[in-house]
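This report refers to the structure that appears directly beneath it.
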Amino acid sequence: MTKTKTYAISYFLGRTFFIGFGFSLLFRLLDKDTWIAAILGSILGFGILLFFERIKEKHALASSLQKILFFVYNFFVFSQILFIFETFCSSFYLIKSPIFYILLPVPFVIYKITKNGFSTIAKVTEVLFPLSFLLYLLVVFGLFKNLNLEYFQPVLMADSKNLFLGTIYFAIYSTAPFFLLWNVKTDKNLAKSYAFSMVGILIIAIFITGVSGPNLAQIYRFPEYMTLKKIKLFNFVEKVENIISVAWLFDLFITMAICGNNLKECLPTKYNKWTYLATLLLLFVVAWYTGTHYKDELLIYHALPIVLGIFMLLLFLFSLLHKKKESTT
């Protein structure tokens, strides 16, 4: 993992849980003060990533219990990202297509890209990063003239309890995907590259507030997508949001690929090919079920940051306990 690849992967991972989940929940919780939680949550997340780098360097996933927990964590994250993917595509891209056909290519694409291990994923990420960042710059310049500073006034109107929860939620949403890199040897710049990714997320939060307004941002399930509808190229080319939002599909795709590779490595070596393919097909079935039972899956909507936070704490705890056990034997 070179420095460039580390920054590219961090850029995608840091954004993953905000589309469809993060921004929607934070705006409903904090209204126009979401950008404040983004700043505070980024500072907290930076500290979490610094601690994660130290733990990750000294405590590898060695015990069977750690590997099982890591496997379950990757399975859970994969299922949630797949749910976001199907919801996003069925809402804006393939409106009349059945969920089954939207999801059908995913297991085979992930199986193919993970066939040669993490190095292939890193190369794909490095290739996609310039395109994704170019689309991001197009969003910034396209929305800047629509920014209304009056939407930010008055400041700090959110309840202090909600601001605290929003800060915690933001930190968890933004750092949880980085735990997928626990078993990957990365350049020692995760915290710095995380900060780079969070600057981009903060700017998006500001544009959602300043362009759509806090009231509309609270209503939309995908406020980040609806905000893009304001973009007009050369003042006459409209409806470019479907092209620009492809960048978010890159985020989901890269995260699912990393999860898939981790799942593959956690499975037993014997019959790995078939057990891995069976795992991907099981994820397909889970996603198909949640897609056809949308209301039931939304129960996880509010619980997701809590569940992710529990997984993060358990991964830390199991690693520290394993190291302590080694030192006593």
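Ligands are numbered from 1 in the order shown, residues from 1 within each chain, and chains are lettered A, B, ... in the order they appear in the structure tokens.
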Using only C-alpha atoms, what does the table of region 160-183 of chain A residues within 12 Å of region 188-203 of chain A look like, with each row giving the shortest atom pair and its distance in Å to one decimal, sorted by chain and ascending number, as a Markdown table?
```
| residue | atom | partner | partner_atom | distance |
| --- | --- | --- | --- | --- |
| A:Phe170 | CA | A:Met198 | CA | 10.1 |
| A:Ala171 | CA | A:Met198 | CA | 10.0 |
| A:Tyr173 | CA | A:Met198 | CA | 11.1 |
| A:Ser174 | CA | A:Met198 | CA | 7.8 |
| A:Thr175 | CA | A:Tyr194 | CA | 8.1 |
| A:Ala176 | CA | A:Tyr194 | CA | 11.5 |
| A:Pro177 | CA | A:Tyr194 | CA | 10.8 |
| A:Phe178 | CA | A:Leu190 | CA | 8.4 |
| A:Phe179 | CA | A:Leu190 | CA | 10.8 |
| A:Leu181 | CA | A:Leu190 | CA | 9.9 |
| A:Trp182 | CA | A:Leu190 | CA | 11.4 |
```
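Nearest to Ser91 (chain A) of all the residues A:His293, A:Tyr169, A:Leu252, A:Gly20 is A:Gly20, counting only C-alpha atoms.
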Report task. Find the residues around region 314-317 of chain A up to 8 Å (only C-alpha atoms counted), leave out those fewer than 2 positions away in its own chain, and share them as number ranges by chain. Result -> A: 55, 66, 69-70, 310-312, 319-321
Query - Close residues, Met157 (chain A) itself excluded, 10 Å, only C-alpha atoms, min 2 positions apart in chain, as a ChimeraX atom specification - result: /A:30-33,153-155,159-160,163
Query - Shell of 8 Å around Lys230 (chain A), only C-alpha atoms, local chain residues under 2 positions omitted, as a ChimeraX atom specification - result: /A:143,146,211,226-228,232
**Report entry** Residue neighbourhood region 298-306 of chain A, 12 Å, only C-alpha atoms, exclusion window fewer than 5 positions, as an NGL selection string
**Finding:** :A and (17-18 or 20-26 or 28-29 or 76-77 or 79-81 or 83-84 or 87 or 165-177 or 221 or 290-293 or 311-313)
Report task. Write out as a VMD selection string each polymer residue whose atoms come within 10 Å of Asn261 (chain A), counting only C-alpha atoms; drop sequence neighbours fewer than 6 positions from it. Result -> chain A and resid 74 110 to 111 113 to 118 121 180 255 276
Could the residues in this selection be written to a file with C-alpha atoms, as a compact mmCIF listing (two decimals), in the first residue's frame?
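The resulting out_6.txt:
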```txt
# COMPACT_ATOMS: atom_id res chain seq x y z
CA ASN A 74 -17.50 -7.66 7.31
CA ILE A 110 -17.15 -8.83 -6.29
CA TYR A 111 -16.01 -12.43 -6.76
CA ILE A 113 -12.36 -8.38 -8.43
CA THR A 114 -11.35 -10.19 -5.23
CA LYS A 115 -9.96 -13.17 -7.10
CA ASN A 116 -6.42 -11.76 -7.06
CA GLY A 117 -6.57 -10.31 -3.55
CA PHE A 118 -6.35 -6.83 -2.09
CA ILE A 121 -8.73 -3.69 -5.28
CA LEU A 180 -12.15 -3.22 7.33
CA THR A 255 -16.24 -0.92 0.24
CA TYR A 276 -16.68 -17.86 -0.54
```
If you run DSSP on the backbone, which residues of region 66-194 of chain A are alpha helix (DSSP H), as a compact mmCIF listing (two decimals) with N, CA and C atoms, in the first residue's frame?
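After the write, selection19.txt holds the following:
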```
# COMPACT_ATOMS: atom_id res chain seq x y z
N GLN A 66 -11.10 -13.65 17.17
CA GLN A 66 -10.94 -12.38 16.47
C GLN A 66 -11.37 -12.50 15.01
N LYS A 67 -10.95 -13.58 14.38
CA LYS A 67 -11.27 -13.78 12.97
C LYS A 67 -12.77 -13.98 12.76
N ILE A 68 -13.41 -14.67 13.70
CA ILE A 68 -14.86 -14.86 13.59
C ILE A 68 -15.58 -13.52 13.72
N LEU A 69 -15.16 -12.72 14.70
CA LEU A 69 -15.77 -11.41 14.89
C LEU A 69 -15.54 -10.52 13.67
N PHE A 70 -14.33 -10.59 13.12
CA PHE A 70 -14.00 -9.79 11.94
C PHE A 70 -14.84 -10.24 10.74
N PHE A 71 -15.05 -11.54 10.63
CA PHE A 71 -15.89 -12.09 9.56
C PHE A 71 -17.32 -11.58 9.69
N VAL A 72 -17.87 -11.65 10.89
CA VAL A 72 -19.25 -11.19 11.12
C VAL A 72 -19.36 -9.69 10.84
N TYR A 73 -18.35 -8.94 11.25
CA TYR A 73 -18.35 -7.50 11.01
C TYR A 73 -18.37 -7.19 9.51
N ASN A 74 -17.54 -7.87 8.75
CA ASN A 74 -17.50 -7.66 7.31
C ASN A 74 -18.81 -8.09 6.65
N PHE A 75 -19.39 -9.17 7.13
CA PHE A 75 -20.66 -9.64 6.60
C PHE A 75 -21.75 -8.60 6.84
N PHE A 76 -21.77 -8.04 8.04
CA PHE A 76 -22.77 -7.04 8.39
C PHE A 76 -22.60 -5.77 7.55
N VAL A 77 -21.37 -5.29 7.46
CA VAL A 77 -21.10 -4.07 6.69
C VAL A 77 -21.46 -4.29 5.22
N PHE A 78 -21.07 -5.43 4.68
CA PHE A 78 -21.39 -5.76 3.28
C PHE A 78 -22.90 -5.71 3.06
N SER A 79 -23.66 -6.33 3.98
CA SER A 79 -25.12 -6.39 3.83
C SER A 79 -25.74 -5.00 3.85
N GLN A 80 -25.21 -4.11 4.70
CA GLN A 80 -25.75 -2.76 4.79
C GLN A 80 -25.39 -1.92 3.56
N ILE A 81 -24.17 -2.07 3.09
CA ILE A 81 -23.76 -1.34 1.89
C ILE A 81 -24.56 -1.83 0.68
N LEU A 82 -24.81 -3.12 0.63
CA LEU A 82 -25.60 -3.68 -0.46
C LEU A 82 -27.04 -3.17 -0.41
N PHE A 83 -27.56 -3.00 0.80
CA PHE A 83 -28.90 -2.43 0.96
C PHE A 83 -28.94 -0.98 0.47
N ILE A 84 -27.92 -0.20 0.82
CA ILE A 84 -27.84 1.18 0.34
C ILE A 84 -27.77 1.20 -1.18
N PHE A 85 -26.96 0.29 -1.73
CA PHE A 85 -26.79 0.21 -3.18
C PHE A 85 -28.12 -0.07 -3.89
N GLU A 86 -28.84 -1.08 -3.41
CA GLU A 86 -30.09 -1.44 -4.06
C GLU A 86 -31.14 -0.34 -3.90
N THR A 87 -31.17 0.29 -2.73
CA THR A 87 -32.13 1.36 -2.49
C THR A 87 -31.85 2.57 -3.37
N PHE A 88 -30.58 2.92 -3.47
CA PHE A 88 -30.18 4.07 -4.28
C PHE A 88 -30.48 3.82 -5.76
N ILE A 99 -35.77 -5.72 -7.71
CA ILE A 99 -34.58 -5.76 -6.86
C ILE A 99 -33.66 -6.92 -7.24
N PHE A 100 -34.26 -8.04 -7.61
CA PHE A 100 -33.50 -9.24 -7.96
C PHE A 100 -32.48 -8.94 -9.06
N TYR A 101 -32.92 -8.25 -10.10
CA TYR A 101 -32.03 -7.97 -11.23
C TYR A 101 -31.02 -6.88 -10.93
N ILE A 102 -31.36 -5.97 -10.03
CA ILE A 102 -30.41 -4.94 -9.64
C ILE A 102 -29.23 -5.55 -8.88
N LEU A 103 -29.55 -6.53 -8.03
CA LEU A 103 -28.52 -7.15 -7.19
C LEU A 103 -27.75 -8.27 -7.88
N PRO A 105 -25.86 -8.86 -10.52
CA PRO A 105 -24.45 -8.80 -10.95
C PRO A 105 -23.45 -8.67 -9.79
N VAL A 106 -23.92 -8.18 -8.64
CA VAL A 106 -23.00 -7.82 -7.55
C VAL A 106 -22.13 -8.98 -7.08
N PRO A 107 -22.70 -10.15 -6.72
CA PRO A 107 -21.84 -11.25 -6.22
C PRO A 107 -20.75 -11.66 -7.21
N PHE A 108 -21.08 -11.66 -8.50
CA PHE A 108 -20.13 -12.10 -9.51
C PHE A 108 -19.05 -11.05 -9.77
N VAL A 109 -19.44 -9.76 -9.71
CA VAL A 109 -18.44 -8.69 -9.87
C VAL A 109 -17.47 -8.68 -8.70
N ILE A 110 -18.00 -8.81 -7.48
CA ILE A 110 -17.15 -8.83 -6.29
C ILE A 110 -16.25 -10.06 -6.29
N TYR A 111 -16.81 -11.20 -6.70
CA TYR A 111 -16.01 -12.43 -6.76
C TYR A 111 -14.85 -12.26 -7.73
N LYS A 112 -15.11 -11.63 -8.86
CA LYS A 112 -14.08 -11.45 -9.88
C LYS A 112 -12.99 -10.50 -9.42
N ILE A 113 -13.36 -9.37 -8.82
CA ILE A 113 -12.36 -8.38 -8.43
C ILE A 113 -11.53 -8.84 -7.24
N PHE A 118 -6.19 -8.25 -2.38
CA PHE A 118 -6.35 -6.83 -2.09
C PHE A 118 -5.59 -5.94 -3.06
N SER A 119 -4.50 -6.44 -3.62
CA SER A 119 -3.69 -5.62 -4.52
C SER A 119 -4.49 -5.15 -5.73
N THR A 120 -5.36 -6.02 -6.24
CA THR A 120 -6.21 -5.64 -7.37
C THR A 120 -7.20 -4.56 -6.98
N ILE A 121 -7.78 -4.70 -5.78
CA ILE A 121 -8.73 -3.69 -5.28
C ILE A 121 -8.04 -2.34 -5.15
N ALA A 122 -6.80 -2.35 -4.61
CA ALA A 122 -6.06 -1.11 -4.44
C ALA A 122 -5.78 -0.43 -5.78
N LYS A 123 -5.47 -1.23 -6.80
CA LYS A 123 -5.20 -0.66 -8.13
C LYS A 123 -6.46 -0.06 -8.73
N VAL A 124 -7.59 -0.76 -8.58
CA VAL A 124 -8.87 -0.24 -9.09
C VAL A 124 -9.22 1.06 -8.37
N THR A 125 -9.00 1.09 -7.07
CA THR A 125 -9.28 2.29 -6.28
C THR A 125 -8.44 3.47 -6.76
N GLU A 126 -7.18 3.20 -7.03
CA GLU A 126 -6.27 4.25 -7.50
C GLU A 126 -6.71 4.81 -8.85
N VAL A 127 -7.28 3.95 -9.69
CA VAL A 127 -7.76 4.38 -11.00
C VAL A 127 -9.05 5.19 -10.88
N LEU A 128 -9.95 4.77 -10.00
CA LEU A 128 -11.25 5.43 -9.85
C LEU A 128 -11.15 6.76 -9.10
N PHE A 129 -10.13 6.91 -8.27
CA PHE A 129 -10.03 8.10 -7.42
C PHE A 129 -10.02 9.41 -8.22
N PRO A 130 -9.19 9.58 -9.27
CA PRO A 130 -9.19 10.86 -10.00
C PRO A 130 -10.56 11.19 -10.60
N LEU A 131 -11.25 10.18 -11.13
CA LEU A 131 -12.57 10.40 -11.71
C LEU A 131 -13.57 10.82 -10.64
N SER A 132 -13.54 10.13 -9.50
CA SER A 132 -14.45 10.46 -8.41
C SER A 132 -14.19 11.87 -7.88
N PHE A 133 -12.93 12.22 -7.75
CA PHE A 133 -12.60 13.54 -7.22
C PHE A 133 -12.97 14.63 -8.23
N LEU A 134 -12.85 14.34 -9.51
CA LEU A 134 -13.25 15.29 -10.55
C LEU A 134 -14.76 15.55 -10.48
N LEU A 135 -15.54 14.50 -10.28
CA LEU A 135 -16.99 14.65 -10.14
C LEU A 135 -17.33 15.44 -8.88
N TYR A 136 -16.53 15.22 -7.83
CA TYR A 136 -16.73 15.97 -6.58
C TYR A 136 -16.49 17.47 -6.81
N LEU A 137 -15.44 17.81 -7.53
CA LEU A 137 -15.16 19.21 -7.83
C LEU A 137 -16.27 19.83 -8.68
N LEU A 138 -16.83 19.03 -9.56
CA LEU A 138 -17.95 19.50 -10.38
C LEU A 138 -19.15 19.84 -9.50
N VAL A 139 -19.36 19.04 -8.47
CA VAL A 139 -20.44 19.32 -7.52
C VAL A 139 -20.20 20.64 -6.79
N VAL A 140 -18.98 20.82 -6.30
CA VAL A 140 -18.63 22.03 -5.54
C VAL A 140 -18.83 23.28 -6.39
N PHE A 141 -18.27 23.29 -7.59
CA PHE A 141 -18.37 24.48 -8.45
C PHE A 141 -19.78 24.65 -9.00
N GLY A 142 -20.50 23.55 -9.20
CA GLY A 142 -21.85 23.64 -9.73
C GLY A 142 -22.87 24.15 -8.73
N LEU A 143 -22.62 23.89 -7.43
CA LEU A 143 -23.58 24.29 -6.41
C LEU A 143 -23.22 25.60 -5.71
N SER A 160 -28.41 20.10 23.01
CA SER A 160 -27.04 19.66 23.31
C SER A 160 -26.91 18.14 23.30
N LYS A 161 -27.98 17.45 23.72
CA LYS A 161 -27.96 15.98 23.69
C LYS A 161 -27.88 15.49 22.25
N ASN A 162 -28.67 16.11 21.37
CA ASN A 162 -28.66 15.71 19.96
C ASN A 162 -27.32 16.04 19.30
N LEU A 163 -26.74 17.16 19.69
CA LEU A 163 -25.43 17.53 19.14
C LEU A 163 -24.37 16.53 19.57
N PHE A 164 -24.45 16.08 20.81
CA PHE A 164 -23.52 15.06 21.30
C PHE A 164 -23.70 13.75 20.54
N LEU A 165 -24.96 13.33 20.38
CA LEU A 165 -25.24 12.09 19.65
C LEU A 165 -24.81 12.21 18.20
N GLY A 166 -25.08 13.37 17.60
CA GLY A 166 -24.69 13.58 16.20
C GLY A 166 -23.19 13.51 16.02
N THR A 167 -22.46 14.05 16.98
CA THR A 167 -20.99 13.99 16.92
C THR A 167 -20.50 12.55 17.00
N ILE A 168 -21.08 11.78 17.92
CA ILE A 168 -20.71 10.37 18.06
C ILE A 168 -21.08 9.59 16.81
N TYR A 169 -22.28 9.83 16.32
CA TYR A 169 -22.73 9.13 15.12
C TYR A 169 -21.82 9.44 13.93
N PHE A 170 -21.48 10.70 13.76
CA PHE A 170 -20.62 11.09 12.65
C PHE A 170 -19.26 10.39 12.76
N ALA A 171 -18.70 10.37 13.95
CA ALA A 171 -17.40 9.73 14.15
C ALA A 171 -17.46 8.24 13.83
N ILE A 172 -18.56 7.59 14.21
CA ILE A 172 -18.70 6.16 13.96
C ILE A 172 -18.92 5.89 12.47
N TYR A 173 -19.82 6.64 11.85
CA TYR A 173 -20.07 6.48 10.41
C TYR A 173 -18.79 6.63 9.60
N SER A 174 -17.97 7.60 10.00
CA SER A 174 -16.80 7.93 9.19
C SER A 174 -15.61 7.01 9.46
N THR A 175 -15.52 6.41 10.65
CA THR A 175 -14.36 5.59 10.98
C THR A 175 -14.62 4.09 10.87
N LEU A 190 -3.20 6.71 7.70
CA LEU A 190 -4.64 6.54 7.74
C LEU A 190 -5.34 7.75 8.36
N ALA A 191 -4.82 8.23 9.48
CA ALA A 191 -5.43 9.37 10.16
C ALA A 191 -5.38 10.62 9.28
N LYS A 192 -4.24 10.84 8.62
CA LYS A 192 -4.11 12.01 7.74
C LYS A 192 -5.03 11.89 6.53
N SER A 193 -5.09 10.72 5.94
CA SER A 193 -5.96 10.53 4.78
C SER A 193 -7.43 10.59 5.19
N TYR A 194 -7.72 10.17 6.42
CA TYR A 194 -9.08 10.30 6.97
C TYR A 194 -9.47 11.77 7.05
```
Query raised in the report: Separation of CA of Leu65 (chain A) and CA of Arg15 (chain A), in Å?
Result: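 CA of Arg15 (chain A) lies 29.2 Å from CA of Leu65 (chain A).
Between Ile208 (chain A) and the residues A:Tyr93, A:Trp274, A:Tyr11, A:Phe27, the shortest atom-to-atom distance, using only C-alpha atoms, involves A:Phe27.
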Query - Residue nearest Gly14 (chain A) among A:Ala287, A:Leu49, A:Ile219, A:Val246 (counting only C-alpha atoms) - result: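 Closest residue, counting only C-alpha atoms: A:Leu49.
The space between CA of Ala257 (chain A) and CA of Val307 (chain A) spans 21.2 Å.
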Query raised in the report: Which is closer to Gly210 (chain A) than all the others in A:Thr34, A:Ser64, A:Ser245, A:Thr279, using only C-alpha atoms?
Result: A:Thr34
Query raised in the report: By how many Å are CA of Gly41 (chain A) and CA of Thr16 (chain A) apart?
Result: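 Spanning CA of Gly41 (chain A) to CA of Thr16 (chain A) is a straight-line distance of 15.5 Å.
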